[in-house]
$ cat run_26.cif   # mmCIF, C-alpha atoms and all ligand atoms
data_work
#
loop_
_atom_site.label_atom_id
_atom_site.label_comp_id
_atom_site.auth_asym_id
_atom_site.auth_seq_id
_atom_site.Cartn_x
_atom_site.Cartn_y
_atom_site.Cartn_z
CA MET A 908 -56.15 118.08 -107.50
CA THR A 909 -58.95 115.58 -107.20
CA THR A 910 -59.44 113.54 -104.09
CA LEU A 911 -62.08 111.12 -102.99
CA ALA A 912 -65.52 112.61 -102.45
CA SER A 913 -65.77 110.86 -99.12
CA PRO A 914 -62.47 110.66 -97.27
CA PRO A 915 -61.45 107.11 -96.36
CA SER A 916 -61.33 107.99 -92.68
CA ARG A 917 -65.05 107.55 -92.20
CA SER A 918 -64.72 106.37 -88.62
CA GLY A 919 -62.57 108.95 -86.92
CA PRO A 920 -58.89 109.72 -87.53
CA ALA A 921 -56.77 107.55 -89.82
CA PRO A 922 -55.30 104.49 -88.05
CA THR A 923 -51.75 104.56 -86.77
CA LEU A 924 -49.02 102.29 -88.14
CA GLU A 925 -47.50 99.41 -86.22
CA ARG A 926 -43.72 98.88 -86.11
CA GLU A 927 -43.92 96.04 -88.65
CA GLU A 928 -45.85 98.33 -91.01
CA LEU A 929 -43.27 101.10 -90.69
CA LEU A 930 -40.67 98.58 -91.88
CA ARG A 931 -42.83 97.02 -94.57
CA TYR A 932 -43.81 100.33 -96.15
CA GLY A 933 -40.40 101.95 -95.74
CA ARG A 934 -40.02 102.76 -99.46
CA HIS A 935 -43.37 104.55 -99.39
CA LEU A 936 -42.45 106.47 -96.27
CA LEU A 937 -39.39 107.85 -98.06
CA LEU A 938 -41.65 109.52 -100.64
CA PRO A 939 -42.78 112.95 -99.41
CA GLU A 940 -45.98 112.48 -101.49
CA VAL A 941 -46.86 109.40 -99.42
CA ALA A 942 -44.98 109.47 -96.10
CA ILE A 943 -46.67 108.48 -92.85
CA ASP A 944 -49.84 110.48 -93.48
CA GLY A 945 -50.32 108.91 -96.91
CA GLN A 946 -49.64 105.43 -95.63
CA ARG A 947 -52.28 105.96 -92.94
CA LYS A 948 -54.73 107.09 -95.64
CA LEU A 949 -54.00 103.86 -97.52
CA LYS A 950 -54.57 101.85 -94.36
CA ALA A 951 -57.91 103.59 -93.81
CA ALA A 952 -59.04 103.09 -97.41
CA ARG A 953 -61.66 100.60 -98.55
CA VAL A 954 -61.39 99.51 -102.20
CA LEU A 955 -63.75 97.14 -103.98
CA ILE A 956 -62.34 95.08 -106.85
CA VAL A 957 -65.00 93.62 -109.12
CA GLY A 958 -63.57 90.46 -110.68
CA ALA A 959 -60.59 88.40 -109.45
CA GLY A 960 -59.41 87.69 -113.01
CA GLY A 961 -56.89 89.21 -115.39
CA LEU A 962 -57.27 92.85 -114.28
CA GLY A 963 -58.20 92.10 -110.69
CA SER A 964 -55.09 89.97 -110.13
CA PRO A 965 -52.37 92.61 -110.48
CA ALA A 966 -54.66 95.29 -109.07
CA ALA A 967 -55.38 93.29 -105.91
CA LEU A 968 -51.76 92.21 -105.46
CA TYR A 969 -50.40 95.74 -105.76
CA LEU A 970 -53.11 97.32 -103.62
CA ALA A 971 -52.56 94.70 -100.93
CA ALA A 972 -48.79 95.10 -101.07
CA ALA A 973 -49.18 98.88 -100.94
CA GLY A 974 -51.07 98.60 -97.66
CA VAL A 975 -54.66 99.42 -98.65
CA GLY A 976 -56.39 98.54 -95.40
CA THR A 977 -59.52 96.83 -96.69
CA LEU A 978 -59.94 95.12 -100.04
CA GLY A 979 -63.33 93.82 -101.16
CA LEU A 980 -63.39 91.23 -103.92
CA VAL A 981 -66.45 90.21 -105.94
CA ASP A 982 -66.20 86.97 -107.91
CA PHE A 983 -68.08 83.71 -108.23
CA ASP A 984 -65.85 81.83 -110.70
CA ILE A 985 -63.78 78.68 -110.34
CA VAL A 986 -60.09 78.72 -111.34
CA GLU A 987 -59.57 77.03 -114.71
CA ILE A 988 -56.28 76.14 -116.30
CA THR A 989 -56.95 78.60 -119.16
CA ASN A 990 -56.97 81.44 -116.58
CA LEU A 991 -53.36 80.87 -115.54
CA GLN A 992 -51.87 82.48 -118.67
CA ARG A 993 -52.76 85.90 -117.21
CA GLN A 994 -54.53 85.69 -113.82
CA LEU A 995 -51.60 85.81 -111.42
CA LEU A 996 -53.65 85.58 -108.23
CA HIS A 997 -54.15 81.89 -108.99
CA GLY A 998 -51.67 79.06 -109.40
CA THR A 999 -51.66 75.62 -110.94
CA ARG A 1000 -52.58 73.95 -107.67
CA ASP A 1001 -55.65 76.22 -107.40
CA VAL A 1002 -57.38 74.81 -110.49
CA GLY A 1003 -60.88 73.78 -109.44
CA ARG A 1004 -60.98 76.06 -106.38
CA LEU A 1005 -63.08 79.19 -106.02
CA LYS A 1006 -61.09 82.15 -107.30
CA LEU A 1007 -61.90 83.94 -104.06
CA ASP A 1008 -60.21 81.16 -102.07
CA SER A 1009 -56.97 81.26 -104.01
CA ALA A 1010 -57.10 85.08 -104.04
CA ARG A 1011 -57.46 85.12 -100.24
CA ASP A 1012 -54.44 82.81 -99.79
CA ARG A 1013 -52.24 84.75 -102.19
CA LEU A 1014 -53.21 88.20 -100.89
CA HIS A 1015 -52.85 87.15 -97.27
CA ASP A 1016 -49.32 85.99 -98.10
CA ALA A 1017 -48.57 89.25 -99.92
CA ASN A 1018 -49.67 91.31 -96.91
CA PRO A 1019 -51.35 89.80 -93.84
CA ASN A 1020 -52.24 93.29 -92.58
CA VAL A 1021 -54.88 93.71 -95.28
CA LYS A 1022 -58.45 92.95 -94.31
CA LEU A 1023 -60.19 91.03 -97.08
CA GLU A 1024 -63.94 91.11 -97.63
CA LEU A 1025 -64.95 88.36 -100.03
CA HIS A 1026 -68.24 88.58 -101.91
CA ALA A 1027 -68.79 85.18 -103.54
CA THR A 1028 -71.54 86.33 -105.85
CA ARG A 1029 -72.23 87.75 -109.25
CA LEU A 1030 -72.75 91.52 -109.08
CA THR A 1031 -76.41 92.15 -109.98
CA SER A 1032 -78.86 95.02 -109.97
CA ALA A 1033 -80.19 93.60 -106.70
CA ASN A 1034 -76.91 93.62 -104.76
CA ALA A 1035 -74.65 96.19 -106.49
CA LEU A 1036 -75.69 99.24 -104.48
CA THR A 1037 -75.54 97.39 -101.17
CA ILE A 1038 -72.05 96.05 -101.86
CA ILE A 1039 -70.53 99.15 -103.48
CA ARG A 1040 -71.93 101.55 -100.87
CA GLU A 1041 -69.51 100.17 -98.29
CA TYR A 1042 -66.38 101.20 -100.24
CA ASP A 1043 -64.54 104.42 -101.07
CA LEU A 1044 -63.88 103.52 -104.68
CA VAL A 1045 -64.40 100.69 -107.14
CA LEU A 1046 -61.87 99.08 -109.43
CA ASP A 1047 -63.70 97.53 -112.39
CA GLY A 1048 -61.98 94.34 -113.45
CA THR A 1049 -64.95 92.83 -115.27
CA ASP A 1050 -64.81 91.28 -118.70
CA ASN A 1051 -68.37 91.85 -119.91
CA PHE A 1052 -70.72 94.68 -120.80
CA ALA A 1053 -73.45 93.62 -118.40
CA THR A 1054 -71.31 94.10 -115.29
CA ARG A 1055 -69.47 97.10 -116.72
CA TYR A 1056 -72.70 99.10 -117.10
CA LEU A 1057 -73.87 97.91 -113.72
CA VAL A 1058 -70.64 99.04 -112.01
CA ASN A 1059 -70.75 102.39 -113.80
CA ASP A 1060 -74.38 103.10 -112.99
CA ALA A 1061 -74.02 102.07 -109.36
CA CYS A 1062 -70.91 104.24 -108.97
CA VAL A 1063 -72.70 107.26 -110.48
CA LEU A 1064 -75.74 106.75 -108.24
CA LEU A 1065 -73.55 106.42 -105.15
CA GLY A 1066 -70.96 109.05 -106.12
CA LYS A 1067 -68.02 106.60 -105.97
CA PRO A 1068 -65.08 106.84 -108.39
CA ASN A 1069 -64.98 103.93 -110.87
CA VAL A 1070 -61.42 103.02 -111.86
CA TYR A 1071 -62.07 101.39 -115.23
CA GLY A 1072 -59.96 99.04 -117.31
CA SER A 1073 -60.66 96.79 -120.27
CA ILE A 1074 -58.62 94.58 -122.54
CA PHE A 1075 -59.03 92.98 -125.94
CA ARG A 1076 -56.41 91.03 -127.88
CA PHE A 1077 -53.35 93.37 -127.78
CA ASP A 1078 -55.16 96.57 -126.77
CA GLY A 1079 -56.24 97.97 -123.45
CA GLN A 1080 -58.03 101.00 -122.04
CA ALA A 1081 -58.09 102.66 -118.66
CA SER A 1082 -59.83 105.67 -117.17
CA VAL A 1083 -61.40 107.01 -113.99
CA PHE A 1084 -65.15 107.43 -114.32
CA ALA A 1085 -67.87 108.87 -112.10
CA ALA A 1086 -65.50 111.17 -110.22
CA VAL A 1087 -67.03 114.37 -108.88
CA ASP A 1088 -65.82 116.47 -111.81
CA GLY A 1089 -65.49 113.89 -114.60
CA PRO A 1090 -67.43 111.84 -117.14
CA CYS A 1091 -68.73 108.32 -116.67
CA TYR A 1092 -68.62 105.24 -118.90
CA ARG A 1093 -72.04 106.10 -120.32
CA CYS A 1094 -70.82 109.55 -121.37
CA ILE A 1095 -68.72 107.64 -123.92
CA TYR A 1096 -70.98 104.66 -124.55
CA PRO A 1097 -74.52 105.82 -123.60
CA GLU A 1098 -76.29 102.50 -124.03
CA PRO A 1099 -75.23 98.87 -123.87
CA PRO A 1100 -74.65 97.48 -127.36
CA PRO A 1101 -77.78 96.14 -129.03
CA PRO A 1102 -78.41 92.39 -128.89
CA GLY A 1103 -76.23 90.73 -131.51
CA LEU A 1104 -73.34 93.18 -131.03
CA VAL A 1105 -71.46 91.70 -128.14
CA PRO A 1106 -67.82 91.07 -129.00
CA SER A 1107 -66.67 91.46 -125.39
CA CYS A 1108 -69.09 88.88 -124.02
CA ALA A 1109 -67.60 86.16 -126.16
CA GLU A 1110 -64.20 84.84 -125.17
CA GLY A 1111 -61.74 86.68 -127.37
CA GLY A 1112 -58.02 86.10 -127.30
CA VAL A 1113 -55.82 88.29 -125.16
CA LEU A 1114 -52.07 88.69 -124.74
CA GLY A 1115 -51.37 87.38 -121.24
CA VAL A 1116 -49.27 90.34 -120.09
CA LEU A 1117 -51.85 92.95 -121.19
CA PRO A 1118 -54.14 92.68 -118.13
CA GLY A 1119 -50.95 92.98 -116.06
CA LEU A 1120 -50.30 96.36 -117.62
CA VAL A 1121 -53.86 97.65 -117.46
CA GLY A 1122 -54.66 96.26 -114.00
CA THR A 1123 -51.47 97.83 -112.68
CA LEU A 1124 -52.50 101.17 -114.19
CA GLN A 1125 -55.83 100.82 -112.41
CA ALA A 1126 -54.09 100.11 -109.10
CA THR A 1127 -51.90 103.17 -109.67
CA GLU A 1128 -54.97 105.36 -110.23
CA ALA A 1129 -56.67 103.96 -107.15
CA ILE A 1130 -53.64 104.77 -104.99
CA LYS A 1131 -53.40 108.29 -106.46
CA LEU A 1132 -57.07 108.91 -105.68
CA ILE A 1133 -56.66 107.67 -102.11
CA LEU A 1134 -53.58 109.82 -101.55
CA GLY A 1135 -54.89 112.81 -103.52
CA ILE A 1136 -51.66 113.11 -105.52
CA GLY A 1137 -50.84 113.60 -109.18
CA THR A 1138 -53.25 113.99 -112.08
CA PRO A 1139 -55.79 111.18 -112.18
CA LEU A 1140 -57.15 109.73 -115.43
CA ILE A 1141 -60.37 111.71 -115.01
CA GLY A 1142 -61.65 113.00 -118.36
CA ARG A 1143 -59.03 110.99 -120.22
CA LEU A 1144 -59.22 107.56 -121.78
CA LEU A 1145 -55.77 105.95 -121.85
CA LEU A 1146 -55.26 103.63 -124.83
CA VAL A 1147 -52.55 100.99 -124.58
CA ASN A 1148 -51.32 99.15 -127.66
CA THR A 1149 -48.81 96.46 -126.82
CA LEU A 1150 -47.84 95.55 -130.39
CA ASP A 1151 -46.72 99.08 -131.24
CA ALA A 1152 -45.67 99.89 -127.65
CA GLN A 1153 -47.89 102.99 -127.79
CA PHE A 1154 -49.65 104.71 -124.91
CA ARG A 1155 -52.02 107.50 -125.96
CA SER A 1156 -54.78 109.30 -124.15
CA VAL A 1157 -57.84 110.96 -125.63
CA LYS A 1158 -59.95 113.55 -123.87
CA VAL A 1159 -63.42 112.44 -122.87
CA ARG A 1160 -65.92 114.97 -121.65
CA ARG A 1161 -68.92 114.72 -119.44
CA ASN A 1162 -71.92 114.40 -121.77
CA PRO A 1163 -74.84 116.59 -120.61
CA LEU A 1164 -77.19 114.09 -122.29
CA CYS A 1165 -75.65 111.11 -120.48
CA PRO A 1166 -78.57 109.19 -118.94
CA ALA A 1167 -76.48 108.38 -115.85
CA CYS A 1168 -74.48 111.47 -114.84
CA GLY A 1169 -76.00 114.07 -117.19
CA THR A 1170 -79.80 114.06 -117.24
CA ARG A 1171 -79.85 111.64 -114.28
CA GLU A 1172 -82.89 109.92 -115.80
CA LEU A 1173 -81.31 106.63 -114.84
CA ARG A 1174 -82.44 106.26 -111.25
CA GLU A 1175 -82.24 102.54 -110.73
CA LEU A 1176 -80.07 99.68 -111.87
CA ALA A 1177 -80.93 97.17 -114.57
CA ASP A 1178 -79.38 93.86 -115.54
CA TYR A 1179 -78.02 93.59 -119.02
CA GLU A 1180 -77.43 89.86 -119.28
CA GLN A 1181 -79.74 89.63 -122.27
CA PHE A 1182 -77.20 91.60 -124.26
CA CYS A 1183 -74.69 88.84 -123.81
CA ALA A 1184 -77.04 86.08 -124.92
CA GLY A 1185 -76.88 86.72 -128.66
CA SER A 1186 -74.40 85.06 -130.96
CA GLY A 1187 -73.05 87.93 -133.03
CA GLY A 1188 -74.24 89.71 -136.14
CA GLU A 1189 -75.77 86.61 -137.64
CA ALA A 1190 -78.32 86.41 -134.85
CA ALA A 1191 -79.31 90.03 -135.45
CA GLY A 1192 -79.82 89.36 -139.18
CA LEU A 1193 -76.93 91.63 -140.08
CA ASP A 1194 -75.24 89.23 -142.49
CA ALA A 1195 -77.70 90.30 -145.23
CA VAL A 1196 -76.65 93.96 -145.09
CA PRO A 1197 -74.86 95.16 -148.28
CA GLN A 1198 -71.12 95.52 -147.78
CA ILE A 1199 -68.35 97.39 -149.54
CA GLU A 1200 -64.68 96.41 -149.29
CA PRO A 1201 -62.37 99.17 -147.99
CA ARG A 1202 -60.20 99.03 -151.13
CA GLU A 1203 -63.21 99.23 -153.43
CA LEU A 1204 -64.52 102.26 -151.53
CA ALA A 1205 -61.14 103.99 -151.78
CA ILE A 1206 -60.85 103.29 -155.52
CA ARG A 1207 -64.38 104.39 -156.35
CA ARG A 1208 -64.01 107.64 -154.39
CA ALA A 1209 -60.59 108.29 -155.91
CA SER A 1210 -62.09 107.87 -159.37
CA GLY A 1211 -64.55 110.66 -158.63
CA GLU A 1212 -67.68 108.73 -157.72
CA ALA A 1213 -69.83 110.71 -155.25
CA ILE A 1214 -70.06 108.39 -152.26
CA GLN A 1215 -70.85 109.98 -148.92
CA VAL A 1216 -69.04 108.42 -146.01
CA ILE A 1217 -70.67 108.33 -142.57
CA ASP A 1218 -68.81 107.38 -139.39
CA VAL A 1219 -71.19 105.96 -136.77
CA ARG A 1220 -68.61 105.60 -134.00
CA GLU A 1221 -68.37 107.75 -130.87
CA PRO A 1222 -66.54 111.12 -130.83
CA HIS A 1223 -63.52 109.81 -128.92
CA GLU A 1224 -63.02 107.10 -131.56
CA TRP A 1225 -63.32 109.75 -134.29
CA GLU A 1226 -60.54 111.66 -132.52
CA ILE A 1227 -58.24 108.65 -132.79
CA GLY A 1228 -58.52 108.54 -136.57
CA ARG A 1229 -61.05 108.67 -139.40
CA ILE A 1230 -61.61 108.32 -143.13
CA ASP A 1231 -61.00 111.65 -144.89
CA GLY A 1232 -64.20 113.43 -145.85
CA ALA A 1233 -66.38 111.36 -143.54
CA ARG A 1234 -69.19 112.82 -141.46
CA LEU A 1235 -69.53 111.80 -137.81
CA ILE A 1236 -73.00 110.63 -136.76
CA PRO A 1237 -72.76 108.30 -133.72
CA LEU A 1238 -75.10 105.35 -134.13
CA HIS A 1239 -77.40 106.41 -131.30
CA ARG A 1240 -77.90 109.81 -132.96
CA LEU A 1241 -78.59 108.46 -136.46
CA GLY A 1242 -82.34 108.14 -135.93
CA GLY A 1243 -82.56 111.85 -135.08
CA VAL A 1244 -80.88 113.09 -138.28
CA ILE A 1245 -81.96 110.46 -140.79
CA GLN A 1246 -84.53 112.88 -142.31
CA GLU A 1247 -81.74 115.34 -143.12
CA LEU A 1248 -79.85 112.81 -145.25
CA ASP A 1249 -80.40 112.40 -148.99
CA ALA A 1250 -82.15 109.07 -149.50
CA ASN A 1251 -80.96 108.96 -153.14
CA ALA A 1252 -77.29 109.45 -152.32
CA ALA A 1253 -74.73 106.66 -152.32
CA ILE A 1254 -73.62 106.24 -148.72
CA ALA A 1255 -70.89 104.10 -147.19
CA VAL A 1256 -71.13 103.69 -143.41
CA TYR A 1257 -68.26 102.58 -141.23
CA CYS A 1258 -67.49 101.96 -137.57
CA LYS A 1259 -64.61 100.21 -135.80
CA GLY A 1260 -65.17 96.65 -136.96
CA GLY A 1261 -68.33 96.59 -139.07
CA THR A 1262 -71.17 95.71 -136.69
CA ARG A 1263 -72.47 99.15 -135.70
CA SER A 1264 -72.25 100.20 -139.37
CA ALA A 1265 -74.31 97.15 -140.36
CA LEU A 1266 -76.98 98.19 -137.83
CA ALA A 1267 -76.91 101.72 -139.27
CA VAL A 1268 -77.25 100.45 -142.85
CA ARG A 1269 -80.23 98.35 -141.83
CA ASP A 1270 -81.82 101.47 -140.27
CA LEU A 1271 -81.11 103.48 -143.43
CA GLN A 1272 -82.62 100.74 -145.61
CA ASN A 1273 -85.71 100.72 -143.42
CA ALA A 1274 -85.93 104.50 -143.94
CA GLY A 1275 -85.95 104.06 -147.74
CA PHE A 1276 -82.26 104.42 -148.60
CA ARG A 1277 -81.28 102.10 -151.46
CA ARG A 1278 -77.61 102.77 -152.23
CA VAL A 1279 -76.06 102.16 -148.82
CA TRP A 1280 -73.22 99.87 -147.78
CA SER A 1281 -71.46 98.93 -144.60
CA VAL A 1282 -67.67 99.16 -144.92
CA SER A 1283 -66.55 95.59 -144.39
CA GLY A 1284 -64.23 95.20 -141.41
CA GLY A 1285 -64.62 98.85 -140.41
CA ILE A 1286 -61.82 101.32 -139.90
CA LEU A 1287 -59.55 98.58 -138.56
CA ARG A 1288 -59.52 96.94 -141.98
CA TRP A 1289 -59.32 100.36 -143.66
CA SER A 1290 -56.20 101.03 -141.59
CA ARG A 1291 -54.63 97.74 -142.65
CA GLU A 1292 -55.55 97.80 -146.34
CA VAL A 1293 -55.90 101.44 -147.37
CA ASP A 1294 -54.49 104.01 -144.97
CA ALA A 1295 -51.91 102.90 -142.43
CA SER A 1296 -51.76 106.44 -140.98
CA VAL A 1297 -55.09 105.71 -139.26
CA PRO A 1298 -54.09 104.09 -135.95
CA GLU A 1299 -55.66 100.84 -134.85
CA TYR A 1300 -57.18 100.90 -131.40
ZN ZN B 1 -72.04 110.02 -117.79
#
$ encode --input "run_26.cif" --output "structure tokens"
Amino acid sequence: MTTLASPPSRSGPAPTLEREELLRYGRHLLLPEVAIDGQRKLKAARVLIVGAGGLGSPAALYLAAAGVGTLGLVDFDIVEITNLQRQLLHGTRDVGRLKLDSARDRLHDANPNVKLELHATRLTSANALTIIREYDLVLDGTDNFATRYLVNDACVLLGKPNVYGSIFRFDGQASVFAAVDGPCYRCIYPEPPPPGLVPSCAEGGVLGVLPGLVGTLQATEAIKLILGIGTPLIGRLLLVNTLDAQFRSVKVRRNPLCPACGTRELRELADYEQFCAGSGGEAAGLDAVPQIEPRELAIRRASGEAIQVIDVREPHEWEIGRIDGARLIPLHRLGGVIQELDANAAIAVYCKGGTRSALAVRDLQNAGFRRVWSVSGGILRWSREVDASVPEY
């Protein structure tokens, strides 16, 4: 069983419960796994939620309702009408207000016993350690790579569990990173994506209910960690697909070469905003990379043509599904093995959607390879057009 590294009761014994609280939390008190002791642990706990948006809304509402004693919220945004399709902390009359203001009103109504600490700022390398240090665990409700890496790195440096969630279109992910005995976000994605590969920084579409699902999963994990019950999502990445109504989890291991929690070479925080400034593959000059259509690749291989297939995704993506006969070389490892590859061979490179593979093809071309293509649309398009047994994710 994994519990918090630093018990919530940092200032003496856990607080007692008032009569109103005994009534309010009655359905918790009936659960032997929670009961009075657990409810006091919740009251003593300090949870920081980064982002009062799609994921932060359900997470904050449920954690407040559950009786988490102190909730910190970091956000600097204004409520816009386009937020209301999924960000349930805010209502129509809140449009134009600071999200923190509407969050405070809504959460105070949900449970006036909860102490709110509002941080009306963007989380940066300058303030992340100072803010996060004051909490027992962090719930990452951010929607961009820059803050996601910042939260992860700060949590690793401070030894605080990072309850992670992310959403895109119809798909979500959740995990618990930076726990004492588990991997961190960088164990899976060691470096921020190169400039020009920033799909999550741009506003993509998202099914409104999806952050409700994922943010609620994050709140569940946070409560389990505080109470020390159940099996937390440590070492597992939970994948949620709403269209197929599928929940699957893949194992993720601590990577001994991880710059954050493995080699520990990462000793201070950096800001990654520059990675969100590009405007997609075009800006990185990737539109000139030779492409091959998934169907064409399948037909040419089926007809006996010797085309090597290289998968430049990460191992956990490979576990989800792959093209038969492919070889896994994650993009960040390609430079180290490029000398071992046959520069005269025909090579098709694929990733999830076609951007990492385009970067790999450009690297291969620079190394003298002439017959190399990026599989257009990546394994997602392969799944749709060639092999439906490969799950989308
Ligand atoms: Zn790590």
$ residues_around --input "run_26.cif" --residues "A:Glu1203" --least-positions-apart "4" --cutoff "10 Å" --atoms "all atoms listed in the file" --output "list in words"
Ile1199, Arg1207, Arg1208, Ala1209, Val1282 and Val1293 of chain A
$ residues_near_ligand --input "run_26.cif" --ligand "ligand ZN 1 (chain B)" --cutoff "7 Å" --atoms "all atoms listed in the file" --output "ChimeraX atom specification"
/A:1090-1094,1161-1162,1165-1169
$ residues_around --input "run_26.cif" --residues "A:Arg1011" --least-positions-apart "4" --cutoff "8 Å" --atoms "only C-alpha atoms" --output "JSON, numbers by chain"
{"A": [1007, 1015, 1023]}
$ closest_residue --input "run_26.cif" --among "A:Arg1013, A:Tyr1056, A:Ala1177, A:Ile1286" --to "A:Ala967" --atoms "all atoms listed in the file"
A:Arg1013
$ closest_atom_pairs --input "run_26.cif" --of "stretch 1025-1102 of chain A" --to "stretch 1236-1242 of chain A" --cutoff "10 Å" --atoms "all atoms listed in the file" --output "tab-separated table"
residue	atom	partner	partner_atom	distance
A:Tyr1096	CA	A:His1239	CA	9.5
A:Pro1097	CA	A:His1239	CA	8.2
A:Glu1098	CA	A:His1239	CA	8.3
$ closest_residue --input "run_26.cif" --among "A:Ile943, A:Ala1035, A:Val1113, A:Ala1195" --to "A:Thr1054" --atoms "all atoms listed in the file"
A:Ala1035
$ closest_residue --input "run_26.cif" --among "A:Gly1112, A:Val941, A:Val975, A:Leu1146" --to "A:Thr989" --atoms "only C-alpha atoms"
A:Gly1112
$ atom_distance --input "run_26.cif" --atom1 "atom CA of A:Leu1204" --atom2 "atom CA of A:Asn1251"
17.8 Å
$ closest_residue --input "run_26.cif" --among "A:His1026, A:Gln994, A:Asn1034, A:Val1045" --to "A:Leu955" --atoms "all atoms listed in the file"
A:Val1045
$ atom_distance --input "run_26.cif" --atom1 "atom CA of A:Gly1137" --atom2 "atom CA of A:Glu928"
24.3 Å
$ closest_residue --input "run_26.cif" --among "A:Gly1048, A:Gly958, A:Gly1260, A:Pro965" --to "A:Gln1080" --atoms "all atoms listed in the file"
A:Gly1048
